[in-house]
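File shown here: data_3.pdb, holding PDB, C-alpha atoms and all ligand atoms.
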```
ATOM      1  CA  MET A   1      59.669   6.325 -11.913
ATOM      2  CA  LYS A   2      56.450   4.635 -12.912
ATOM      3  CA  ILE A   3      53.225   4.811 -10.932
ATOM      4  CA  ARG A   4      49.574   4.201 -11.771
ATOM      5  CA  ILE A   5      47.245   7.181 -11.434
ATOM      6  CA  ASN A   6      43.530   6.655 -11.915
ATOM      7  CA  GLY A   7      44.266   3.554 -13.927
ATOM      8  CA  LYS A   8      46.856   5.183 -16.154
ATOM      9  CA  GLU A   9      50.538   4.311 -16.167
ATOM     10  CA  THR A  10      52.336   7.568 -15.425
ATOM     11  CA  LEU A  11      56.043   8.285 -15.817
ATOM     12  CA  LEU A  12      57.520  10.755 -13.327
ATOM     13  CA  ALA A  13      61.010  12.207 -12.979
ATOM     14  CA  GLU A  14      62.984  10.574 -10.172
ATOM     15  CA  ASN A  15      62.489  12.514  -6.970
ATOM     16  CA  PRO A  16      63.134  10.812  -3.625
ATOM     17  CA  GLN A  17      61.539  13.773  -1.836
ATOM     18  CA  ARG A  18      58.190  13.346  -3.532
ATOM     19  CA  THR A  19      55.188  13.092  -1.234
ATOM     20  CA  VAL A  20      51.504  12.721  -2.002
ATOM     21  CA  ASP A  21      51.108  16.414  -1.289
ATOM     22  CA  SER A  22      53.912  17.472  -3.627
ATOM     23  CA  LEU A  23      52.577  15.098  -6.287
ATOM     24  CA  LEU A  24      49.220  16.899  -6.190
ATOM     25  CA  GLU A  25      51.055  20.145  -6.812
ATOM     26  CA  GLU A  26      53.375  18.675  -9.450
ATOM     27  CA  LEU A  27      50.454  17.315 -11.463
ATOM     28  CA  ASP A  28      48.285  20.344 -10.793
ATOM     29  CA  VAL A  29      45.470  18.011  -9.750
ATOM     30  CA  SER A  30      42.064  19.637  -9.802
ATOM     31  CA  GLN A  31      40.278  20.130  -6.455
ATOM     32  CA  ARG A  32      43.787  19.880  -4.994
ATOM     33  CA  LEU A  33      42.744  21.052  -1.546
ATOM     34  CA  TYR A  34      39.764  18.704  -1.336
ATOM     35  CA  VAL A  35      40.589  15.677  -3.449
ATOM     36  CA  THR A  36      40.670  12.336  -1.641
ATOM     37  CA  VAL A  37      43.745  10.218  -2.329
ATOM     38  CA  GLU A  38      43.696   6.459  -2.230
ATOM     39  CA  LEU A  39      47.179   4.933  -2.148
ATOM     40  CA  ASN A  40      47.475   1.202  -2.840
ATOM     41  CA  GLY A  41      43.901   0.591  -1.758
ATOM     42  CA  GLU A  42      43.941   2.684   1.420
ATOM     43  CA  ILE A  43      42.315   6.090   1.662
ATOM     44  CA  LEU A  44      44.809   8.495   3.213
ATOM     45  CA  ASP A  45      43.905  10.982   5.904
ATOM     46  CA  ARG A  46      44.525  14.473   4.618
ATOM     47  CA  PRO A  47      47.237  15.306   7.204
ATOM     48  CA  ALA A  48      49.195  12.286   5.937
ATOM     49  CA  TYR A  49      49.514  13.694   2.415
ATOM     50  CA  GLU A  50      52.557  15.736   3.397
ATOM     51  CA  THR A  51      54.391  12.865   5.046
ATOM     52  CA  THR A  52      53.509   9.974   2.757
ATOM     53  CA  PRO A  53      56.188   9.270   0.135
ATOM     54  CA  VAL A  54      55.316   8.212  -3.395
ATOM     55  CA  ASN A  55      57.150   5.058  -4.438
ATOM     56  CA  GLU A  56      57.794   3.173  -7.645
ATOM     57  CA  GLY A  57      54.798   1.056  -8.615
ATOM     58  CA  ASP A  58      52.310   2.860  -6.362
ATOM     59  CA  VAL A  59      48.676   2.713  -7.388
ATOM     60  CA  ILE A  60      47.057   6.065  -6.749
ATOM     61  CA  GLU A  61      43.456   7.110  -7.187
ATOM     62  CA  PHE A  62      42.276  10.686  -7.000
ATOM     63  CA  LEU A  63      38.640  10.786  -5.916
ATOM     64  CA  TYR A  64      36.910  14.020  -6.740
ATOM     65  CA  PHE A  65      33.893  15.694  -5.250
ATOM     66  CA  MET A  66      30.892  15.716  -7.572
ATOM     67  CA  GLY A  67      28.038  17.601  -6.031
ATOM     68  CA  GLY A  68      25.612  17.818  -8.925
ATOM     69  CA  GLY A  69      22.490  15.799  -9.412
ATOM     70  CA  ARG A  70      19.691  18.006 -10.587
TER      71      ARG A  70
ATOM     72  CA  MET B   1      -1.357 -11.438  -6.335
ATOM     73  CA  LEU B   2      -0.685 -10.080  -9.787
ATOM     74  CA  THR B   3      -3.686  -9.536 -12.061
ATOM     75  CA  GLU B   4      -3.774 -10.736 -15.650
ATOM     76  CA  SER B   5      -2.960  -7.312 -17.032
ATOM     77  CA  GLN B   6      -0.113  -6.942 -14.567
ATOM     78  CA  ILE B   7       1.297 -10.283 -15.676
ATOM     79  CA  GLU B   8       1.259  -8.933 -19.204
ATOM     80  CA  ARG B   9       2.692  -5.554 -18.226
ATOM     81  CA  TYR B  10       5.618  -7.144 -16.426
ATOM     82  CA  SER B  11       5.994 -10.150 -18.739
ATOM     83  CA  ARG B  12       9.547  -9.224 -19.776
ATOM     84  CA  HIS B  13      10.484  -9.119 -16.110
ATOM     85  CA  ILE B  14       8.622 -12.263 -15.144
ATOM     86  CA  ILE B  15      10.320 -14.238 -17.895
ATOM     87  CA  LEU B  16      13.715 -13.488 -16.306
ATOM     88  CA  LYS B  17      14.704 -16.282 -13.945
ATOM     89  CA  GLU B  18      16.164 -13.683 -11.535
ATOM     90  CA  VAL B  19      12.766 -11.984 -11.321
ATOM     91  CA  GLY B  20       9.817 -14.253 -12.045
ATOM     92  CA  GLY B  21       6.405 -13.721 -10.488
ATOM     93  CA  LYS B  22       7.973 -13.782  -7.029
ATOM     94  CA  GLY B  23      10.489 -11.088  -7.852
ATOM     95  CA  GLN B  24       7.838  -8.919  -9.431
ATOM     96  CA  GLN B  25       5.841  -9.236  -6.235
ATOM     97  CA  LYS B  26       8.937  -8.156  -4.276
ATOM     98  CA  LEU B  27       9.195  -5.050  -6.448
ATOM     99  CA  PHE B  28       5.529  -4.418  -5.840
ATOM    100  CA  ASP B  29       5.999  -4.698  -2.090
ATOM    101  CA  GLY B  30       9.116  -2.520  -2.272
ATOM    102  CA  ARG B  31       9.341   1.046  -1.004
ATOM    103  CA  VAL B  32      11.973   3.339  -2.527
ATOM    104  CA  LEU B  33      12.579   7.009  -1.736
ATOM    105  CA  ILE B  34      14.081   9.317  -4.345
ATOM    106  CA  ILE B  35      15.500  12.548  -2.926
ATOM    107  CA  GLY B  36      15.622  15.125  -5.716
ATOM    108  CA  ALA B  37      13.247  15.232  -8.690
ATOM    109  CA  GLY B  38      15.782  16.627 -11.136
ATOM    110  CA  GLY B  39      18.449  15.256 -13.461
ATOM    111  CA  LEU B  40      19.166  12.052 -11.549
ATOM    112  CA  GLY B  41      15.697  11.764 -10.083
ATOM    113  CA  ALA B  42      13.999  11.889 -13.489
ATOM    114  CA  PRO B  43      15.217   8.587 -14.974
ATOM    115  CA  ILE B  44      15.139   6.961 -11.531
ATOM    116  CA  ALA B  45      11.471   7.860 -11.029
ATOM    117  CA  LEU B  46      10.457   6.872 -14.549
ATOM    118  CA  TYR B  47      12.205   3.492 -14.475
ATOM    119  CA  LEU B  48      11.126   2.565 -10.959
ATOM    120  CA  ALA B  49       7.522   3.393 -11.819
ATOM    121  CA  ALA B  50       7.724   1.426 -15.060
ATOM    122  CA  ALA B  51       9.304  -1.504 -13.209
ATOM    123  CA  GLY B  52       6.361  -1.669 -10.831
ATOM    124  CA  VAL B  53       8.071  -0.664  -7.587
ATOM    125  CA  GLY B  54       4.944  -0.452  -5.448
ATOM    126  CA  THR B  55       5.625   2.641  -3.357
ATOM    127  CA  ILE B  56       7.894   5.409  -4.553
ATOM    128  CA  GLY B  57       8.541   8.508  -2.467
ATOM    129  CA  ILE B  58       9.884  11.597  -4.158
ATOM    130  CA  ALA B  59      11.169  14.674  -2.345
ATOM    131  CA  ASP B  60      11.927  18.105  -3.822
ATOM    132  CA  ALA B  61      10.739  21.618  -2.932
ATOM    133  CA  ASP B  62      11.461  23.111  -6.329
ATOM    134  CA  ASP B  63       9.265  24.115  -9.261
ATOM    135  CA  VAL B  64      10.009  23.162 -12.864
ATOM    136  CA  ASP B  65      12.111  25.751 -14.673
ATOM    137  CA  LEU B  66      12.853  26.126 -18.380
ATOM    138  CA  SER B  67      16.564  25.484 -17.744
ATOM    139  CA  ASN B  68      15.724  22.053 -16.257
ATOM    140  CA  LEU B  69      14.279  20.580 -19.414
ATOM    141  CA  GLN B  70      17.618  19.942 -21.150
ATOM    142  CA  ARG B  71      18.160  16.950 -18.819
ATOM    143  CA  GLN B  72      15.278  16.453 -16.372
ATOM    144  CA  VAL B  73      13.326  14.265 -18.780
ATOM    145  CA  ILE B  74      10.393  13.649 -16.446
ATOM    146  CA  HIS B  75       9.344  17.314 -16.768
ATOM    147  CA  PHE B  76       7.787  18.651 -19.965
ATOM    148  CA  THR B  77       7.500  22.174 -21.348
ATOM    149  CA  PRO B  78       3.905  22.674 -20.133
ATOM    150  CA  ASP B  79       5.075  21.770 -16.607
ATOM    151  CA  ILE B  80       7.133  24.939 -16.188
ATOM    152  CA  GLY B  81       6.163  26.569 -12.896
ATOM    153  CA  LYS B  82       4.615  23.401 -11.498
ATOM    154  CA  PRO B  83       6.057  21.734  -8.371
ATOM    155  CA  LYS B  84       8.582  19.162  -9.535
ATOM    156  CA  VAL B  85       7.138  16.443  -7.321
ATOM    157  CA  GLU B  86       3.671  16.984  -8.862
ATOM    158  CA  SER B  87       5.044  16.990 -12.392
ATOM    159  CA  ALA B  88       6.963  13.790 -11.601
ATOM    160  CA  ARG B  89       3.966  12.116  -9.991
ATOM    161  CA  GLU B  90       1.810  12.733 -13.069
ATOM    162  CA  LYS B  91       4.310  11.053 -15.413
ATOM    163  CA  MET B  92       4.957   8.144 -13.052
ATOM    164  CA  GLN B  93       1.266   7.432 -12.685
ATOM    165  CA  ALA B  94       0.702   7.821 -16.412
ATOM    166  CA  ILE B  95       3.358   5.170 -17.031
ATOM    167  CA  ASN B  96       2.044   2.889 -14.340
ATOM    168  CA  PRO B  97      -1.189   3.540 -12.446
ATOM    169  CA  ASP B  98      -0.387   0.574 -10.166
ATOM    170  CA  VAL B  99       2.347   2.380  -8.264
ATOM    171  CA  LYS B 100       1.724   4.581  -5.258
ATOM    172  CA  VAL B 101       3.655   7.844  -5.457
ATOM    173  CA  VAL B 102       4.212   9.741  -2.213
ATOM    174  CA  THR B 103       5.361  13.324  -2.698
ATOM    175  CA  TYR B 104       7.338  15.468  -0.271
ATOM    176  CA  ARG B 105       7.363  19.053  -1.473
ATOM    177  CA  GLU B 106      10.118  20.104   0.880
ATOM    178  CA  TRP B 107      13.899  20.321   1.140
ATOM    179  CA  ILE B 108      15.360  17.608   3.298
ATOM    180  CA  SER B 109      17.084  18.745   6.465
ATOM    181  CA  ALA B 110      18.202  17.321   9.774
ATOM    182  CA  ALA B 111      14.750  18.220  11.075
ATOM    183  CA  ASN B 112      12.751  16.052   8.651
ATOM    184  CA  ILE B 113      15.019  13.415   7.099
ATOM    185  CA  ASN B 114      14.696  10.707   9.747
ATOM    186  CA  GLY B 115      10.930  10.789   9.559
ATOM    187  CA  ILE B 116      10.936  10.632   5.759
ATOM    188  CA  ILE B 117      13.428   7.798   5.265
ATOM    189  CA  ALA B 118      11.874   5.678   8.012
ATOM    190  CA  ASP B 119       9.102   4.538   5.646
ATOM    191  CA  TYR B 120      11.430   3.194   2.940
ATOM    192  CA  ASP B 121      13.547   0.121   2.208
ATOM    193  CA  PHE B 122      16.052   1.844  -0.045
ATOM    194  CA  ILE B 123      16.951   5.499  -0.530
ATOM    195  CA  ILE B 124      18.374   7.173  -3.631
ATOM    196  CA  ASP B 125      20.340  10.410  -3.515
ATOM    197  CA  GLY B 126      19.535  12.522  -6.543
ATOM    198  CA  THR B 127      20.379  15.853  -4.924
ATOM    199  CA  ASP B 128      22.638  18.596  -6.205
ATOM    200  CA  ASN B 129      24.490  19.902  -3.169
ATOM    201  CA  PHE B 130      26.930  18.606  -0.592
ATOM    202  CA  ALA B 131      24.802  19.569   2.375
ATOM    203  CA  ALA B 132      22.113  17.158   1.173
ATOM    204  CA  LYS B 133      24.564  14.456   0.103
ATOM    205  CA  PHE B 134      26.274  14.343   3.501
ATOM    206  CA  LEU B 135      22.947  14.551   5.319
ATOM    207  CA  ILE B 136      21.544  11.606   3.326
ATOM    208  CA  ASN B 137      24.676   9.571   4.012
ATOM    209  CA  ASP B 138      24.585  10.266   7.736
ATOM    210  CA  ALA B 139      20.867   9.648   8.073
ATOM    211  CA  CYS B 140      20.986   6.388   6.105
ATOM    212  CA  VAL B 141      24.058   5.096   7.950
ATOM    213  CA  LEU B 142      22.598   5.975  11.360
ATOM    214  CA  ALA B 143      19.233   4.427  10.477
ATOM    215  CA  GLY B 144      20.837   1.398   8.815
ATOM    216  CA  LYS B 145      19.103   2.123   5.500
ATOM    217  CA  PRO B 146      20.866   1.025   2.317
ATOM    218  CA  TYR B 147      21.156   3.784  -0.233
ATOM    219  CA  SER B 148      22.621   4.811  -3.557
ATOM    220  CA  HIS B 149      24.803   7.882  -3.850
ATOM    221  CA  GLY B 150      25.071   9.661  -7.169
ATOM    222  CA  GLY B 151      26.975  12.762  -8.224
ATOM    223  CA  ILE B 152      27.502  14.455 -11.562
ATOM    224  CA  LEU B 153      29.463  17.403 -12.897
ATOM    225  CA  GLN B 154      29.960  18.543 -16.481
ATOM    226  CA  PHE B 155      30.830  15.270 -18.317
ATOM    227  CA  ASP B 156      31.655  13.141 -15.265
ATOM    228  CA  GLY B 157      29.617  11.120 -12.845
ATOM    229  CA  GLN B 158      30.119   8.817  -9.882
ATOM    230  CA  THR B 159      27.939   6.440  -7.954
ATOM    231  CA  ILE B 160      28.251   3.998  -5.069
ATOM    232  CA  THR B 161      25.810   1.921  -3.083
ATOM    233  CA  VAL B 162      26.132   1.955   0.684
ATOM    234  CA  ARG B 163      25.159  -0.851   3.006
ATOM    235  CA  PRO B 164      25.575   0.857   6.361
ATOM    236  CA  HIS B 165      28.286  -0.619   8.602
ATOM    237  CA  GLU B 166      28.951  -3.348   6.035
ATOM    238  CA  SER B 167      30.394  -1.400   3.122
ATOM    239  CA  ALA B 168      32.174   1.914   2.645
ATOM    240  CA  CYS B 169      29.996   5.005   3.029
ATOM    241  CA  TYR B 170      30.330   8.450   1.457
ATOM    242  CA  ARG B 171      32.177   9.770   4.501
ATOM    243  CA  CYS B 172      34.650   6.886   4.312
ATOM    244  CA  ILE B 173      35.724   8.515   1.028
ATOM    245  CA  PHE B 174      35.054  12.161   1.888
ATOM    246  CA  PRO B 175      35.115  12.723   5.662
ATOM    247  CA  GLU B 176      33.604  16.184   5.386
ATOM    248  CA  PRO B 177      32.048  18.429   2.771
ATOM    249  CA  PRO B 178      34.207  20.883   0.864
ATOM    250  CA  PRO B 179      33.785  24.506   1.938
ATOM    251  CA  LYS B 180      30.935  26.412   0.412
ATOM    252  CA  ASP B 181      31.460  27.220  -3.262
ATOM    253  CA  ALA B 182      34.838  25.410  -3.393
ATOM    254  CA  ILE B 183      33.496  22.923  -5.935
ATOM    255  CA  PRO B 184      31.317  24.252  -8.732
ATOM    256  CA  SER B 185      27.716  23.093  -9.035
ATOM    257  CA  CYS B 186      26.011  22.052 -12.261
ATOM    258  CA  SER B 187      24.298  25.408 -12.516
ATOM    259  CA  GLN B 188      27.686  27.129 -12.401
ATOM    260  CA  ALA B 189      29.794  24.635 -14.337
ATOM    261  CA  GLY B 190      27.252  23.023 -16.648
ATOM    262  CA  VAL B 191      26.261  19.411 -17.208
ATOM    263  CA  ILE B 192      25.761  17.470 -20.409
ATOM    264  CA  GLY B 193      22.086  16.535 -20.473
ATOM    265  CA  VAL B 194      22.488  12.791 -21.041
ATOM    266  CA  LEU B 195      24.839  12.360 -18.065
ATOM    267  CA  PRO B 196      22.222  12.106 -15.297
ATOM    268  CA  GLY B 197      20.410   9.598 -17.507
ATOM    269  CA  VAL B 198      23.410   7.249 -17.308
ATOM    270  CA  ILE B 199      24.099   7.660 -13.591
ATOM    271  CA  GLY B 200      20.440   7.781 -12.541
ATOM    272  CA  THR B 201      19.643   4.620 -14.476
ATOM    273  CA  ILE B 202      22.473   2.818 -12.669
ATOM    274  CA  GLN B 203      21.079   4.034  -9.333
ATOM    275  CA  ALA B 204      17.610   2.762 -10.254
ATOM    276  CA  THR B 205      19.165  -0.585 -11.217
ATOM    277  CA  GLU B 206      20.687  -0.843  -7.754
ATOM    278  CA  ALA B 207      17.317  -0.216  -6.096
ATOM    279  CA  ILE B 208      15.695  -2.913  -8.219
ATOM    280  CA  LYS B 209      18.467  -5.436  -7.511
ATOM    281  CA  PHE B 210      18.266  -4.630  -3.819
ATOM    282  CA  LEU B 211      14.514  -5.286  -3.771
ATOM    283  CA  LEU B 212      14.936  -8.489  -5.774
ATOM    284  CA  GLY B 213      17.877  -9.618  -3.640
ATOM    285  CA  LYS B 214      19.731 -10.594  -6.813
ATOM    286  CA  GLY B 215      23.186  -9.907  -8.151
ATOM    287  CA  ASP B 216      25.960  -7.844  -6.615
ATOM    288  CA  LEU B 217      25.376  -4.315  -5.428
ATOM    289  CA  LEU B 218      27.813  -1.513  -6.212
ATOM    290  CA  THR B 219      29.285  -1.654  -2.726
ATOM    291  CA  ASP B 220      32.907  -1.062  -1.744
ATOM    292  CA  ARG B 221      33.630   0.338  -5.189
ATOM    293  CA  LEU B 222      33.085   3.791  -6.554
ATOM    294  CA  LEU B 223      31.974   3.674 -10.161
ATOM    295  CA  THR B 224      33.137   6.679 -12.123
ATOM    296  CA  TYR B 225      32.013   7.574 -15.602
ATOM    297  CA  SER B 226      33.541   9.951 -18.083
ATOM    298  CA  ALA B 227      31.181  10.767 -20.933
ATOM    299  CA  LEU B 228      33.898  12.602 -22.862
ATOM    300  CA  ARG B 229      36.270   9.617 -22.823
ATOM    301  CA  MET B 230      33.380   7.147 -22.740
ATOM    302  CA  LYS B 231      35.019   5.273 -19.897
ATOM    303  CA  PHE B 232      33.716   3.589 -16.813
ATOM    304  CA  ARG B 233      36.148   2.900 -13.987
ATOM    305  CA  GLU B 234      35.797   1.225 -10.645
ATOM    306  CA  VAL B 235      37.830   2.297  -7.660
ATOM    307  CA  PRO B 236      37.896  -0.422  -5.010
ATOM    308  CA  LEU B 237      37.192   0.892  -1.508
ATOM    309  CA  LYS B 238      37.028  -0.383   2.023
ATOM    310  CA  ARG B 239      35.006   0.790   4.973
ATOM    311  CA  LYS B 240      37.241   3.033   7.061
ATOM    312  CA  THR B 241      37.521   2.140  10.723
ATOM    313  CA  ALA B 242      38.185   5.855  11.354
ATOM    314  CA  CYS B 243      35.097   6.999   9.393
ATOM    315  CA  PRO B 244      33.344   9.773  11.348
ATOM    316  CA  VAL B 245      29.928   8.153  10.913
ATOM    317  CA  CYS B 246      30.295   4.416  10.167
ATOM    318  CA  GLY B 247      33.675   3.855  11.828
ATOM    319  CA  ASP B 248      34.460   2.131  15.088
ATOM    320  CA  THR B 249      34.391   5.305  17.192
ATOM    321  CA  PRO B 250      32.030   7.609  15.319
ATOM    322  CA  THR B 251      31.970  11.325  16.076
ATOM    323  CA  ILE B 252      28.672  11.772  14.253
ATOM    324  CA  THR B 253      25.916  10.089  16.197
ATOM    325  CA  GLU B 254      22.919  12.101  15.067
ATOM    326  CA  VAL B 255      21.997  13.933  11.874
ATOM    327  CA  HIS B 256      23.013  17.552  11.521
ATOM    328  CA  ASP B 257      22.873  20.140   8.754
ATOM    329  CA  GLU B 258      26.201  20.948   7.120
ATOM    330  CA  LEU B 259      25.531  24.656   7.021
ATOM    331  CA  ASP B 260      28.950  25.475   5.582
ATOM    332  CA  ALA B 261      28.244  23.304   2.589
ATOM    333  CA  LEU B 262      24.951  24.903   1.624
ATOM    334  CA  THR B 263      25.435  26.576  -1.689
ATOM    335  CA  VAL B 264      23.170  29.483  -2.252
ATOM    336  CA  CYS B 265      23.500  29.270  -6.020
ATOM    337  CA  ASP B 266      22.054  25.765  -5.955
ATOM    338  CA  LEU B 267      19.051  26.931  -4.053
ATOM    339  CA  LYS B 268      18.233  29.556  -6.632
ATOM    340  CA  GLU B 269      19.110  27.357  -9.605
ATOM    341  CA  SER B 270      15.534  27.035 -10.651
TER     342      SER B 270
HETATM  343 ZN    ZN A 301      31.873   5.489   6.492
END
```
When written as structure tokens, how does the structure in this file appear?
Amino acid sequence: MKIRINGKETLLAENPQRTVDSLLEELDVSQRLYVTVELNGEILDRPAYETTPVNEGDVIEFLYFMGGGR
Amino acid sequence: MLTESQIERYSRHIILKEVGGKGQQKLFDGRVLIIGAGGLGAPIALYLAAAGVGTIGIADADDVDLSNLQRQVIHFTPDIGKPKVESAREKMQAINPDVKVVTYREWISAANINGIIADYDFIIDGTDNFAAKFLINDACVLAGKPYSHGGILQFDGQTITVRPHESACYRCIFPEPPPKDAIPSCSQAGVIGVLPGVIGTIQATEAIKFLLGKGDLLTDRLLTYSALRMKFREVPLKRKTACPVCGDTPTITEVHDELDALTVCDLKES
């Protein structure tokens, strides 16, 4: 299955059970517990990560906290 | 009215059709507040002063430390130990004696932020902790002040401009701060010295465009920058109707300190 993650075409093994939450684990995304996920242009609420399936062609953005500045 | 020497000083601006004498006057009448006189604040303060932004506020309670000089280019080696806002003011006025620099040698908090931002047209976040970043967002959204958010870490940076209630705010993306010490700070994780130069210069550009009323602001898109890959990306965003501060039924209606997000290590960084 092909999806787009942070602008990059990404090939994933077929898995009909895959959710946004399991994808974060599968890809070992950094800041996994805090990262914001935008799916097809909509920012997901964190509780929805576990129930939102990942589908072919999805466009996903991981938005990370960056707290530095000085 | 611009004097003859000012016309010469700003000639490369005035020659631009988007600026002209009128635009330069707008910059001169403009009031911009920079919160944080460090990595991001340094290029912002230098460029805004050089550009002739008439009144520039700068807020920071810290003193210059040797470990700052690798990136905070407004501070020089002889400034070590000096209040950052004083060190910054000296350089800004040396570049351009026309600008008025207002210094706030204090940390921003829920107790003082409303009073400080009230005097400004545009605010720039150059702070290094989530407590300040969320506080600035809330205060600017609640006061209807446009502002530029900036964040950096290691080799990566991000920035977005917020027009309160019109475009996505920081809490539309991140509803609440991460728990204390969950995300490393620059003092813990490091930062490549040129990085705040890139992000801060973009933030200063936004302030100038805002004052001029020209071009398109960086609203409803988060610009991310990877210095290692040398890549800029834009993530399109929308204002969230469920946003806790700018949404349709906000739960945050006055500024408050995010005590959980205060990172002690940041406070003792320098
Ligand atoms: Zn918002």
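Using all atoms listed in the file, the residues found no farther than 12 Å from Arg12 of chain B, other than those of its own chain fewer than 6 positions away, are Gln6, Glu18, Val19, Gly20, Gly21, Gln24, Ala50 and Ala51 of chain B.
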- Query: When the cut-off is 6 Å and you count only C-alpha atoms and all ligand atoms, which residues lie near ligand ZN 301 (chain A), shown as a VMD selection string?
  - Reply: chain B and resid 168 to 169 171 to 172 239 to 240 243 245 to 247
- Name the residues captured by the PyMOL selection byres (((chain B and resi 252) around 12) and not hetatm) when it is applied to the shown file; answer as a list in words. Phe134, Leu135, Asn137, Asp138, Ala139, Val141, Leu142, Arg171, Pro175, Glu176, Ala242, Cys243, Pro244, Val245, Cys246, Gly247, Asp248, Thr249, Pro250, Thr251, Thr253, Glu254, Val255, His256, Asp257 and Glu258 of chain B
Between chain A and chain B, at 6 Å or less, what are the per-residue closest atom pairs and their distances in Å? Count all atoms listed in the file, order by chain and rising residue number, and return it as CSV.
```
residue,atom,partner,partner_atom,distance
A:Met66,CA,B:Gly151,CA,4.9
A:Gly67,CA,B:Asn129,CA,5.1
A:Gly68,CA,B:Asp128,CA,4.1
A:Gly69,CA,B:Asp128,CA,4.3
A:Arg70,CA,B:Gly39,CA,4.2
```
Write a file of the selected residues as a PDB file, keeping the file's coordinate frame, keeping C-alpha atoms.
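Heads up, here's the output in out-v7.pdb:
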```
ATOM      1  CA  MET A  66      30.892  15.716  -7.572  1.00  0.00           C
ATOM      2  CA  GLY A  67      28.038  17.601  -6.031  1.00  0.00           C
ATOM      3  CA  GLY A  68      25.612  17.818  -8.925  1.00  0.00           C
ATOM      4  CA  GLY A  69      22.490  15.799  -9.412  1.00  0.00           C
ATOM      5  CA  ARG A  70      19.691  18.006 -10.587  1.00  0.00           C
TER       6      ARG A  70
END
```
- In Å, with one decimal, what is the gap from atom CA of Asn15 of chain A to atom CA of Glu56 of chain A?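 About the pair atom CA of Asn15 of chain A and atom CA of Glu56 of chain A: they are 10.5 Å apart.
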- Message: List as number ranges by chain the protein and nucleic acid residues near segment 56-66 of chain B, meaning an atom at most 6 Å away when only C-alpha atoms are counted, but skip any in the same chain fewer than 3 places from it.
- Response: B: 31-37, 69, 80-84, 101-107, 270
- Task: Could you tell me which residues the PyMOL selection byres (((chain B and resi 208) around 10) and not hetatm) grabs in this file, written as a PyMOL selection string?
- Result: chain B and resi 23-24+26-27+30+32+47-48+51-53+122+202-207+209-214
- Message: As a check of understanding, name the residues that the PyMOL selection byres (((chain A and resi 59) around 12) and not hetatm) selects in the supplied structure, as a PyMOL selection string.
- Response: (chain A and resi 2-10+20+37-43+54-58+60-62) or (chain B and resi 235-236)
- Task: Could you check how far atom CA of Thr55 of chain B sits from atom CA of Asp119 of chain B, in Å to one decimal?
- Result: 9.8 Å
Edge lengths and centre, in Å to one decimal, as lines of an AutoDock Vina configuration file: that's what I need for the box along x, y and z that holds all listed atoms of segment 35-45 of chain A plus 5 Å on each side.
```
center_x = 44.0
center_y = 8.1
center_z = 1.2
size_x = 16.9
size_y = 25.1
size_z = 19.4
```
- Message: If we count only C-alpha atoms and set the cut-off at 9 Å, which residues sit around Arg46 of chain A, ignoring sequence neighbours fewer than 3 positions away in its own chain? Please answer as a PyMOL selection string.
- Response: chain A and resi 34+36-37+49-50
- Could you tell me how far atom CA of Asn96 of chain B lies from atom CA of Lys22 of chain B, in Å and to one decimal?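 Separation between atom CA of Asn96 of chain B and atom CA of Lys22 of chain B: 19.1 Å.
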- Tell me, as a PyMOL selection string, which residues lie within 9 Å of Asp21 of chain A, counting only C-alpha atoms; anything in the same chain fewer than 3 positions away does not count. chain A and resi 18+24-26+32+48-53
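If you measure from each of B:Ile123, B:Met92, B:Met1, B:Ile136 to Asp29 of chain B using all atoms listed in the file, the closest one turns out to be B:Met1.
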- Message: Measuring between only C-alpha atoms, which one of B:Leu259, B:Leu228, B:Cys140, B:Leu16 shows the shortest distance to Ile124 of chain B?
- Response: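 Smallest distance to Ile124 of chain B is found for B:Cys140.
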